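Trainee: Just dropping this structure here.
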Amino acid sequence: MKWPRHVKRPSVSTFRRQIRGRTVTDVLRRGKFILIPLDEQVLVIHLMMSGDLHMQESTNPRGKFEHTVFEFESGWQLRFSDSRKFGRVMLLKDVSEIDNSLGPEPLADDFDPRLLGEILLKHKRLLKPLLMDQHMIAGLGNIYVDEALHRAKLHPLRHSDSLNAGEIKALWKGIRRSLQAGLRHNGASIDWVYRGGDFQNHFRVYGRKGEPCPVCATAIVRIVVGQRGTHFCPTCQVEEHAQS
DNA sequence: AGCGTCACCCGGACGC
DNA sequence: TGCGTCCGGGTGACGC
């Protein structure tokens with residue numbers, strides 16, 4: 001979706017006027033966006049990497065990084081804490097702008113190998129940046145892409161239109177399994193940003209440069225692809241397939 | 001079309 | 001110890 005400059009740091013007073021008296025009717029998610037419908041509008045929050053949402057009683061002192069606070073009539077507050085200020089808060093008329101700009105949900109029932117194959121073959125892109133691109137598939141970040149590619153035994157620099165049916169199926173499985181593993185472990189708490197999860201203790205390749213591959217014990221390699229640290233096993237994830 | 005690069009941001013890790 | 005520098009995360013804009 002568009003990420004207009006003017007929503008980067010919304011004026012607090014404008015915001016306050018617009019959402020005062022509204023009722024939270026639901027809490028939803030689409031891709032990495034948290035959607036909070038407020039009667040006619042929708043509050044959209046992106047945590048990026050260092051953002052965190054939590055409920056606090058209003059009497060609790062405000063934390064150093066709690067830049068945005070939503071007051072409830074009950075006396076509780078929804079606080080958006082974000083030490084690196086990368087997160088975004090937007091108020092939109094409806095979710096269509098976000099919805100239309102995102103690819104399919106990889107854990108949805110209709111995300112099958114055929115749909116993944118269509119996306120991959122329609123573009124001639126490197127696997128890593130394609131999978132990171134929210135317009136292609138919604139919700140995969142750097143960790144999950146590295147983990148999914150390792151599960152699928154695919155090199156991050158493979159071209160998306162070079163995969164055969166078996167590889168597409170393996171990638172489909174890898175994407176879903178790595179997301180499910182993340183969910184099972186309540187997500188990852190990397191850096192010092194603690195969110196309660198322990199998925200970081202179960203990474204197969206991400207952030208494990210030099211450590212043994214859990215499958216074959218080869219040292220994990222780190223390269224940079226599309227400006228992103230990219231981790232893979234040079235034995236399991238071969239770039240060039242021998243011609244036969 | 002797709003890639004590389006940059007900007008955004010800042011706590012912490014690292015080097016001297 | 002204290003300072004300076006670099007890093008990394010997700011996204012959009014931009015140039016090629």
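Each chain in the structure tokens gets a letter, A, B and so on, in the order shown; residues start at 1 in every chain, and ligands are counted from 1 in the order they appear.
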Please identify all polymer residues within 12 Å of DC3 in chain B, counting only C-alpha atoms (C1' of nucleotides), omitting same-chain residues fewer than 4 positions from it, and present them as a ChimeraX atom specification.

Mentor: /A:124-126,129-130,225-227 /C:15-16

Trainee: Quick one: which residues from chain B are at most 10 Å off chain A, using only C-alpha atoms (C1' of nucleotides), as a list in words?

Mentor: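 That gives the following set of residues: DA1, DG2, DC3, DG4, DT5, DC8, DC9, DC10, DG11 and DG12 of chain B.
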
Trainee: Keeping only N, CA and C atoms (P, O5', C5', C4', C3', O3' and C1' of nucleotides), write those residues as a PDB file, in the first residue's frame.

Mentor:
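As a result, part25.pdb now contains:
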```pdb
ATOM      1  P    DA B   1       5.678  -3.823 -15.832  1.00  0.00           P
ATOM      2  O5'  DA B   1       6.595  -5.048 -15.390  1.00  0.00           O
ATOM      3  C5'  DA B   1       6.764  -6.211 -16.176  1.00  0.00           C
ATOM      4  C4'  DA B   1       8.040  -6.886 -15.759  1.00  0.00           C
ATOM      5  C3'  DA B   1       8.122  -7.131 -14.256  1.00  0.00           C
ATOM      6  O3'  DA B   1       8.796  -8.362 -14.055  1.00  0.00           O
ATOM      7  C1'  DA B   1       9.842  -5.632 -14.912  1.00  0.00           C
ATOM      8  P    DG B   2       8.876  -8.959 -12.614  1.00  0.00           P
ATOM      9  O5'  DG B   2      10.315  -8.507 -12.098  1.00  0.00           O
ATOM     10  C5'  DG B   2      11.458  -8.958 -12.795  1.00  0.00           C
ATOM     11  C4'  DG B   2      12.677  -8.235 -12.272  1.00  0.00           C
ATOM     12  C3'  DG B   2      12.813  -8.264 -10.744  1.00  0.00           C
ATOM     13  O3'  DG B   2      14.157  -8.557 -10.444  1.00  0.00           O
ATOM     14  C1'  DG B   2      12.994  -6.072 -11.514  1.00  0.00           C
ATOM     15  P    DC B   3      14.558  -9.171  -9.077  1.00  0.00           P
ATOM     16  O5'  DC B   3      15.974  -8.509  -8.827  1.00  0.00           O
ATOM     17  C5'  DC B   3      16.899  -8.347  -9.898  1.00  0.00           C
ATOM     18  C4'  DC B   3      17.614  -7.029  -9.741  1.00  0.00           C
ATOM     19  C3'  DC B   3      18.093  -6.767  -8.312  1.00  0.00           C
ATOM     20  O3'  DC B   3      19.512  -6.872  -8.250  1.00  0.00           O
ATOM     21  C1'  DC B   3      17.094  -4.823  -9.308  1.00  0.00           C
ATOM     22  P    DG B   4      20.200  -6.848  -6.827  1.00  0.00           P
ATOM     23  O5'  DG B   4      20.612  -5.310  -6.724  1.00  0.00           O
ATOM     24  C5'  DG B   4      21.362  -4.713  -7.770  1.00  0.00           C
ATOM     25  C4'  DG B   4      21.607  -3.254  -7.439  1.00  0.00           C
ATOM     26  C3'  DG B   4      22.099  -3.013  -6.013  1.00  0.00           C
ATOM     27  O3'  DG B   4      23.157  -2.066  -6.060  1.00  0.00           O
ATOM     28  C1'  DG B   4      20.090  -1.804  -6.386  1.00  0.00           C
ATOM     29  P    DT B   5      23.888  -1.635  -4.758  1.00  0.00           P
ATOM     30  O5'  DT B   5      23.121  -0.313  -4.308  1.00  0.00           O
ATOM     31  C5'  DT B   5      22.997   0.754  -5.244  1.00  0.00           C
ATOM     32  C4'  DT B   5      22.233   1.895  -4.609  1.00  0.00           C
ATOM     33  C3'  DT B   5      22.579   2.132  -3.129  1.00  0.00           C
ATOM     34  O3'  DT B   5      22.956   3.486  -2.972  1.00  0.00           O
ATOM     35  C1'  DT B   5      20.232   2.034  -3.433  1.00  0.00           C
ATOM     36  P    DC B   8      16.081  10.786   5.937  1.00  0.00           P
ATOM     37  O5'  DC B   8      15.224   9.857   6.903  1.00  0.00           O
ATOM     38  C5'  DC B   8      13.814   9.745   6.678  1.00  0.00           C
ATOM     39  C4'  DC B   8      13.310   8.553   7.417  1.00  0.00           C
ATOM     40  C3'  DC B   8      13.769   8.479   8.877  1.00  0.00           C
ATOM     41  O3'  DC B   8      12.695   8.867   9.726  1.00  0.00           O
ATOM     42  C1'  DC B   8      13.744   6.345   7.803  1.00  0.00           C
ATOM     43  P    DC B   9      13.113   9.762  11.005  1.00  0.00           P
ATOM     44  O5'  DC B   9      13.677   8.620  11.967  1.00  0.00           O
ATOM     45  C5'  DC B   9      12.782   7.668  12.503  1.00  0.00           C
ATOM     46  C4'  DC B   9      13.563   6.713  13.360  1.00  0.00           C
ATOM     47  C3'  DC B   9      14.632   7.365  14.235  1.00  0.00           C
ATOM     48  O3'  DC B   9      14.101   7.407  15.547  1.00  0.00           O
ATOM     49  C1'  DC B   9      15.352   5.287  13.288  1.00  0.00           C
ATOM     50  P    DC B  10      14.877   8.218  16.669  1.00  0.00           P
ATOM     51  O5'  DC B  10      15.694   7.022  17.328  1.00  0.00           O
ATOM     52  C5'  DC B  10      15.009   5.924  17.903  1.00  0.00           C
ATOM     53  C4'  DC B  10      16.036   4.893  18.294  1.00  0.00           C
ATOM     54  C3'  DC B  10      17.206   5.458  19.106  1.00  0.00           C
ATOM     55  O3'  DC B  10      17.555   4.511  20.081  1.00  0.00           O
ATOM     56  C1'  DC B  10      18.028   4.304  17.279  1.00  0.00           C
ATOM     57  P    DG B  11      17.711   4.975  21.572  1.00  0.00           P
ATOM     58  O5'  DG B  11      17.981   3.563  22.270  1.00  0.00           O
ATOM     59  C5'  DG B  11      17.026   2.520  22.122  1.00  0.00           C
ATOM     60  C4'  DG B  11      17.736   1.185  22.081  1.00  0.00           C
ATOM     61  C3'  DG B  11      18.823   1.014  23.135  1.00  0.00           C
ATOM     62  O3'  DG B  11      18.790  -0.337  23.574  1.00  0.00           O
ATOM     63  C1'  DG B  11      19.790   0.898  20.969  1.00  0.00           C
ATOM     64  P    DG B  12      19.779  -0.828  24.689  1.00  0.00           P
ATOM     65  O5'  DG B  12      20.891  -1.548  23.806  1.00  0.00           O
ATOM     66  C5'  DG B  12      20.485  -2.610  22.956  1.00  0.00           C
ATOM     67  C4'  DG B  12      21.667  -3.050  22.135  1.00  0.00           C
ATOM     68  C3'  DG B  12      22.936  -3.307  22.942  1.00  0.00           C
ATOM     69  O3'  DG B  12      23.546  -4.460  22.398  1.00  0.00           O
ATOM     70  C1'  DG B  12      23.406  -1.843  21.217  1.00  0.00           C
TER      71       DG B  12
END
```

Trainee: Starting from chain C, keep only residues with some atom at most 9 Å from an atom of chain A, counting only C-alpha atoms (C1' of nucleotides), and report them as a VMD selection string.

Mentor: chain C and resid 8 to 12

Trainee: Could you turn the residues from that selection into a file that holds C-alpha atoms (C1' of nucleotides), as a PDB file, in the first residue's frame?

Mentor:
```pdb
ATOM      1  C1'  DG C   8      19.519  -4.468  11.275  1.00  0.00           C
ATOM      2  C1'  DG C   9      14.660  -4.648  10.764  1.00  0.00           C
ATOM      3  C1'  DG C  10      10.204  -3.482   6.808  1.00  0.00           C
ATOM      4  C1'  DT C  11       8.688  -0.429   3.496  1.00  0.00           C
ATOM      5  C1'  DG C  12       8.340   2.914  -0.226  1.00  0.00           C
TER       6       DG C  12
END
```

Trainee: As number ranges by chain, which residues of range 7-118 of chain A does DSSP assign to strand (DSSP E)?

Mentor: A: 28-30, 33-38, 41-46, 51-57, 66-71, 76-82, 88-92

Trainee: Store the residues of this selection in a file with C-alpha atoms, as a PDB file, in the first residue's frame.

Mentor:
```
ATOM      1  CA  LEU A  28      -8.106  -8.231  12.860  1.00  0.00           C
ATOM      2  CA  ARG A  29      -4.919  -8.867  10.940  1.00  0.00           C
ATOM      3  CA  ARG A  30      -3.973  -8.747   7.272  1.00  0.00           C
ATOM      4  CA  PHE A  33      -0.914  -5.037   9.576  1.00  0.00           C
ATOM      5  CA  ILE A  34      -3.068  -5.020  12.700  1.00  0.00           C
ATOM      6  CA  LEU A  35      -6.557  -3.738  11.907  1.00  0.00           C
ATOM      7  CA  ILE A  36      -8.796  -2.270  14.594  1.00  0.00           C
ATOM      8  CA  PRO A  37     -12.222  -1.318  13.225  1.00  0.00           C
ATOM      9  CA  LEU A  38     -13.650   1.750  14.969  1.00  0.00           C
ATOM     10  CA  GLN A  41     -13.134   3.809  10.231  1.00  0.00           C
ATOM     11  CA  VAL A  42     -10.268   1.453  10.844  1.00  0.00           C
ATOM     12  CA  LEU A  43      -7.164   2.030  12.899  1.00  0.00           C
ATOM     13  CA  VAL A  44      -4.218   0.400  11.159  1.00  0.00           C
ATOM     14  CA  ILE A  45      -1.043  -0.379  13.034  1.00  0.00           C
ATOM     15  CA  HIS A  46       2.234  -1.771  11.732  1.00  0.00           C
ATOM     16  CA  GLY A  51       6.905  -2.036  17.972  1.00  0.00           C
ATOM     17  CA  ASP A  52       4.744  -3.534  20.668  1.00  0.00           C
ATOM     18  CA  LEU A  53       1.135  -3.096  21.782  1.00  0.00           C
ATOM     19  CA  HIS A  54      -0.021  -3.659  25.315  1.00  0.00           C
ATOM     20  CA  MET A  55      -2.813  -2.694  27.680  1.00  0.00           C
ATOM     21  CA  GLN A  56      -1.923  -0.716  30.784  1.00  0.00           C
ATOM     22  CA  GLU A  57      -3.924   0.924  33.516  1.00  0.00           C
ATOM     23  CA  GLU A  66       5.440   4.416  24.629  1.00  0.00           C
ATOM     24  CA  HIS A  67       4.980   7.086  21.991  1.00  0.00           C
ATOM     25  CA  THR A  68       1.274   6.583  21.292  1.00  0.00           C
ATOM     26  CA  VAL A  69      -1.446   5.990  23.863  1.00  0.00           C
ATOM     27  CA  PHE A  70      -5.134   5.247  23.267  1.00  0.00           C
ATOM     28  CA  GLU A  71      -7.397   5.923  26.234  1.00  0.00           C
ATOM     29  CA  TRP A  76      -7.184   1.303  30.662  1.00  0.00           C
ATOM     30  CA  GLN A  77      -4.904   2.376  27.853  1.00  0.00           C
ATOM     31  CA  LEU A  78      -3.685   0.704  24.701  1.00  0.00           C
ATOM     32  CA  ARG A  79      -0.059   1.743  24.428  1.00  0.00           C
ATOM     33  CA  PHE A  80       2.079   1.548  21.326  1.00  0.00           C
ATOM     34  CA  SER A  81       5.685   1.211  22.357  1.00  0.00           C
ATOM     35  CA  ASP A  82       8.336   1.537  19.669  1.00  0.00           C
ATOM     36  CA  ARG A  88       3.213   3.231  11.767  1.00  0.00           C
ATOM     37  CA  VAL A  89      -0.246   4.166  12.949  1.00  0.00           C
ATOM     38  CA  MET A  90      -2.872   5.168  10.398  1.00  0.00           C
ATOM     39  CA  LEU A  91      -6.553   5.889  10.387  1.00  0.00           C
ATOM     40  CA  LEU A  92      -8.252   4.771   7.176  1.00  0.00           C
TER      41      LEU A  92
END
```

Trainee: Going by DSSP on the backbone, which residues of range 2-127 of chain A come out as alpha helix (DSSP H)? List them as a PyMOL selection string.

Mentor: chain A and resi 12-19+96-101+113-122+127

Trainee: Keeping only N, CA and C atoms, write those residues as a PDB file, in the first residue's frame.

Mentor:
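See result13.pdb below for the written result:
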```pdb
ATOM      1  N   VAL A  12      -1.188  14.398  16.683  1.00  0.00           N
ATOM      2  CA  VAL A  12      -1.889  13.787  17.805  1.00  0.00           C
ATOM      3  C   VAL A  12      -3.259  14.422  18.001  1.00  0.00           C
ATOM      4  N   SER A  13      -3.328  15.727  17.840  1.00  0.00           N
ATOM      5  CA  SER A  13      -4.604  16.395  18.097  1.00  0.00           C
ATOM      6  C   SER A  13      -5.649  16.020  17.045  1.00  0.00           C
ATOM      7  N   THR A  14      -5.222  15.917  15.797  1.00  0.00           N
ATOM      8  CA  THR A  14      -6.136  15.513  14.736  1.00  0.00           C
ATOM      9  C   THR A  14      -6.659  14.110  15.007  1.00  0.00           C
ATOM     10  N   PHE A  15      -5.729  13.257  15.336  1.00  0.00           N
ATOM     11  CA  PHE A  15      -6.052  11.874  15.632  1.00  0.00           C
ATOM     12  C   PHE A  15      -7.074  11.784  16.754  1.00  0.00           C
ATOM     13  N   ARG A  16      -6.799  12.538  17.789  1.00  0.00           N
ATOM     14  CA  ARG A  16      -7.642  12.483  18.980  1.00  0.00           C
ATOM     15  C   ARG A  16      -9.070  12.872  18.636  1.00  0.00           C
ATOM     16  N   ARG A  17      -9.192  13.931  17.835  1.00  0.00           N
ATOM     17  CA  ARG A  17     -10.516  14.397  17.465  1.00  0.00           C
ATOM     18  C   ARG A  17     -11.258  13.326  16.674  1.00  0.00           C
ATOM     19  N   GLN A  18     -10.515  12.648  15.799  1.00  0.00           N
ATOM     20  CA  GLN A  18     -11.164  11.686  14.917  1.00  0.00           C
ATOM     21  C   GLN A  18     -11.606  10.400  15.598  1.00  0.00           C
ATOM     22  N   ILE A  19     -10.889   9.966  16.609  1.00  0.00           N
ATOM     23  CA  ILE A  19     -11.256   8.664  17.190  1.00  0.00           C
ATOM     24  C   ILE A  19     -11.941   8.774  18.539  1.00  0.00           C
ATOM     25  N   SER A  96      -9.650  -1.536   2.314  1.00  0.00           N
ATOM     26  CA  SER A  96      -9.431  -1.955   0.929  1.00  0.00           C
ATOM     27  C   SER A  96      -8.064  -1.520   0.403  1.00  0.00           C
ATOM     28  N   GLU A  97      -7.610  -0.345   0.789  1.00  0.00           N
ATOM     29  CA  GLU A  97      -6.320   0.140   0.304  1.00  0.00           C
ATOM     30  C   GLU A  97      -5.193  -0.814   0.699  1.00  0.00           C
ATOM     31  N   ILE A  98      -5.275  -1.312   1.911  1.00  0.00           N
ATOM     32  CA  ILE A  98      -4.278  -2.266   2.392  1.00  0.00           C
ATOM     33  C   ILE A  98      -4.523  -3.632   1.775  1.00  0.00           C
ATOM     34  N   ASP A  99      -5.756  -4.048   1.838  1.00  0.00           N
ATOM     35  CA  ASP A  99      -6.124  -5.371   1.352  1.00  0.00           C
ATOM     36  C   ASP A  99      -5.711  -5.569  -0.099  1.00  0.00           C
ATOM     37  N   ASN A 100      -6.001  -4.565  -0.937  1.00  0.00           N
ATOM     38  CA  ASN A 100      -5.720  -4.686  -2.365  1.00  0.00           C
ATOM     39  C   ASN A 100      -4.235  -4.697  -2.684  1.00  0.00           C
ATOM     40  N   SER A 101      -3.435  -4.138  -1.794  1.00  0.00           N
ATOM     41  CA  SER A 101      -2.006  -4.036  -2.094  1.00  0.00           C
ATOM     42  C   SER A 101      -1.225  -5.260  -1.641  1.00  0.00           C
ATOM     43  N   PRO A 113      -0.268 -25.018  -3.454  1.00  0.00           N
ATOM     44  CA  PRO A 113       0.930 -24.988  -4.297  1.00  0.00           C
ATOM     45  C   PRO A 113       0.661 -24.400  -5.682  1.00  0.00           C
ATOM     46  N   ARG A 114      -0.547 -24.605  -6.190  1.00  0.00           N
ATOM     47  CA  ARG A 114      -0.861 -24.054  -7.506  1.00  0.00           C
ATOM     48  C   ARG A 114      -0.818 -22.531  -7.498  1.00  0.00           C
ATOM     49  N   LEU A 115      -1.402 -21.920  -6.464  1.00  0.00           N
ATOM     50  CA  LEU A 115      -1.395 -20.461  -6.348  1.00  0.00           C
ATOM     51  C   LEU A 115       0.023 -19.931  -6.155  1.00  0.00           C
ATOM     52  N   LEU A 116       0.794 -20.607  -5.320  1.00  0.00           N
ATOM     53  CA  LEU A 116       2.189 -20.200  -5.129  1.00  0.00           C
ATOM     54  C   LEU A 116       2.941 -20.293  -6.448  1.00  0.00           C
ATOM     55  N   GLY A 117       2.715 -21.375  -7.182  1.00  0.00           N
ATOM     56  CA  GLY A 117       3.365 -21.561  -8.469  1.00  0.00           C
ATOM     57  C   GLY A 117       3.035 -20.454  -9.451  1.00  0.00           C
ATOM     58  N   GLU A 118       1.770 -20.047  -9.466  1.00  0.00           N
ATOM     59  CA  GLU A 118       1.361 -18.940 -10.344  1.00  0.00           C
ATOM     60  C   GLU A 118       2.148 -17.681 -10.050  1.00  0.00           C
ATOM     61  N   ILE A 119       2.272 -17.377  -8.768  1.00  0.00           N
ATOM     62  CA  ILE A 119       2.998 -16.169  -8.358  1.00  0.00           C
ATOM     63  C   ILE A 119       4.463 -16.267  -8.756  1.00  0.00           C
ATOM     64  N   LEU A 120       5.058 -17.415  -8.484  1.00  0.00           N
ATOM     65  CA  LEU A 120       6.484 -17.590  -8.760  1.00  0.00           C
ATOM     66  C   LEU A 120       6.788 -17.521 -10.249  1.00  0.00           C
ATOM     67  N   LEU A 121       5.949 -18.167 -11.057  1.00  0.00           N
ATOM     68  CA  LEU A 121       6.242 -18.282 -12.483  1.00  0.00           C
ATOM     69  C   LEU A 121       5.880 -17.014 -13.253  1.00  0.00           C
ATOM     70  N   LYS A 122       5.003 -16.220 -12.657  1.00  0.00           N
ATOM     71  CA  LYS A 122       4.579 -14.974 -13.309  1.00  0.00           C
ATOM     72  C   LYS A 122       5.693 -13.928 -13.285  1.00  0.00           C
ATOM     73  N   LEU A 127      14.328 -15.516  -5.559  1.00  0.00           N
ATOM     74  CA  LEU A 127      13.379 -16.037  -4.578  1.00  0.00           C
ATOM     75  C   LEU A 127      13.298 -15.190  -3.316  1.00  0.00           C
TER      76      LEU A 127
END
```

Trainee: Take CA of Glu147 in chain A and CA of Val205 in chain A and report the distance between them in Å, one decimal.

Mentor: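 That distance, rounded to one decimal, is 6.3 Å.
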
Trainee: DC6 in chain C: which residues within 12 Å, counting only C-alpha atoms (C1' of nucleotides), same-chain residues fewer than 6 positions away excluded, as a list in words?

Mentor: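 Those residues are DG12, DA13, DC14 and DG15 of chain B.
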
Trainee: Would you export the selected residues with N, CA and C atoms (P, O5', C5', C4', C3', O3' and C1' of nucleotides) as a CSV table (one decimal), in the first residue's frame, please?

Mentor:
```csv
chain,number,residue,atom,x,y,z
B,12,DG,P,19.8,-0.8,24.7
B,12,DG,O5',20.9,-1.5,23.8
B,12,DG,C5',20.5,-2.6,23.0
B,12,DG,C4',21.7,-3.0,22.1
B,12,DG,C3',22.9,-3.3,22.9
B,12,DG,O3',23.5,-4.5,22.4
B,12,DG,C1',23.4,-1.8,21.2
B,13,DA,P,24.4,-5.4,23.3
B,13,DA,O5',25.5,-5.9,22.2
B,13,DA,C5',25.0,-6.2,20.9
B,13,DA,C4',26.2,-5.9,19.9
B,13,DA,C3',27.5,-6.3,20.4
B,13,DA,O3',28.2,-7.1,19.5
B,13,DA,C1',27.5,-4.1,19.6
B,14,DC,P,29.6,-7.8,19.8
B,14,DC,O5',30.6,-6.9,19.1
B,14,DC,C5',30.4,-6.5,17.7
B,14,DC,C4',31.3,-5.3,17.4
B,14,DC,C3',32.8,-5.5,17.9
B,14,DC,O3',33.7,-5.6,16.8
B,14,DC,C1',31.9,-3.3,18.3
B,15,DG,P,35.2,-5.9,17.0
B,15,DG,O5',35.9,-4.5,16.8
B,15,DG,C5',35.5,-3.7,15.6
B,15,DG,C4',36.3,-2.4,15.7
B,15,DG,C3',37.7,-2.6,16.2
B,15,DG,O3',38.6,-1.7,15.4
B,15,DG,C1',36.5,-1.1,17.6
```
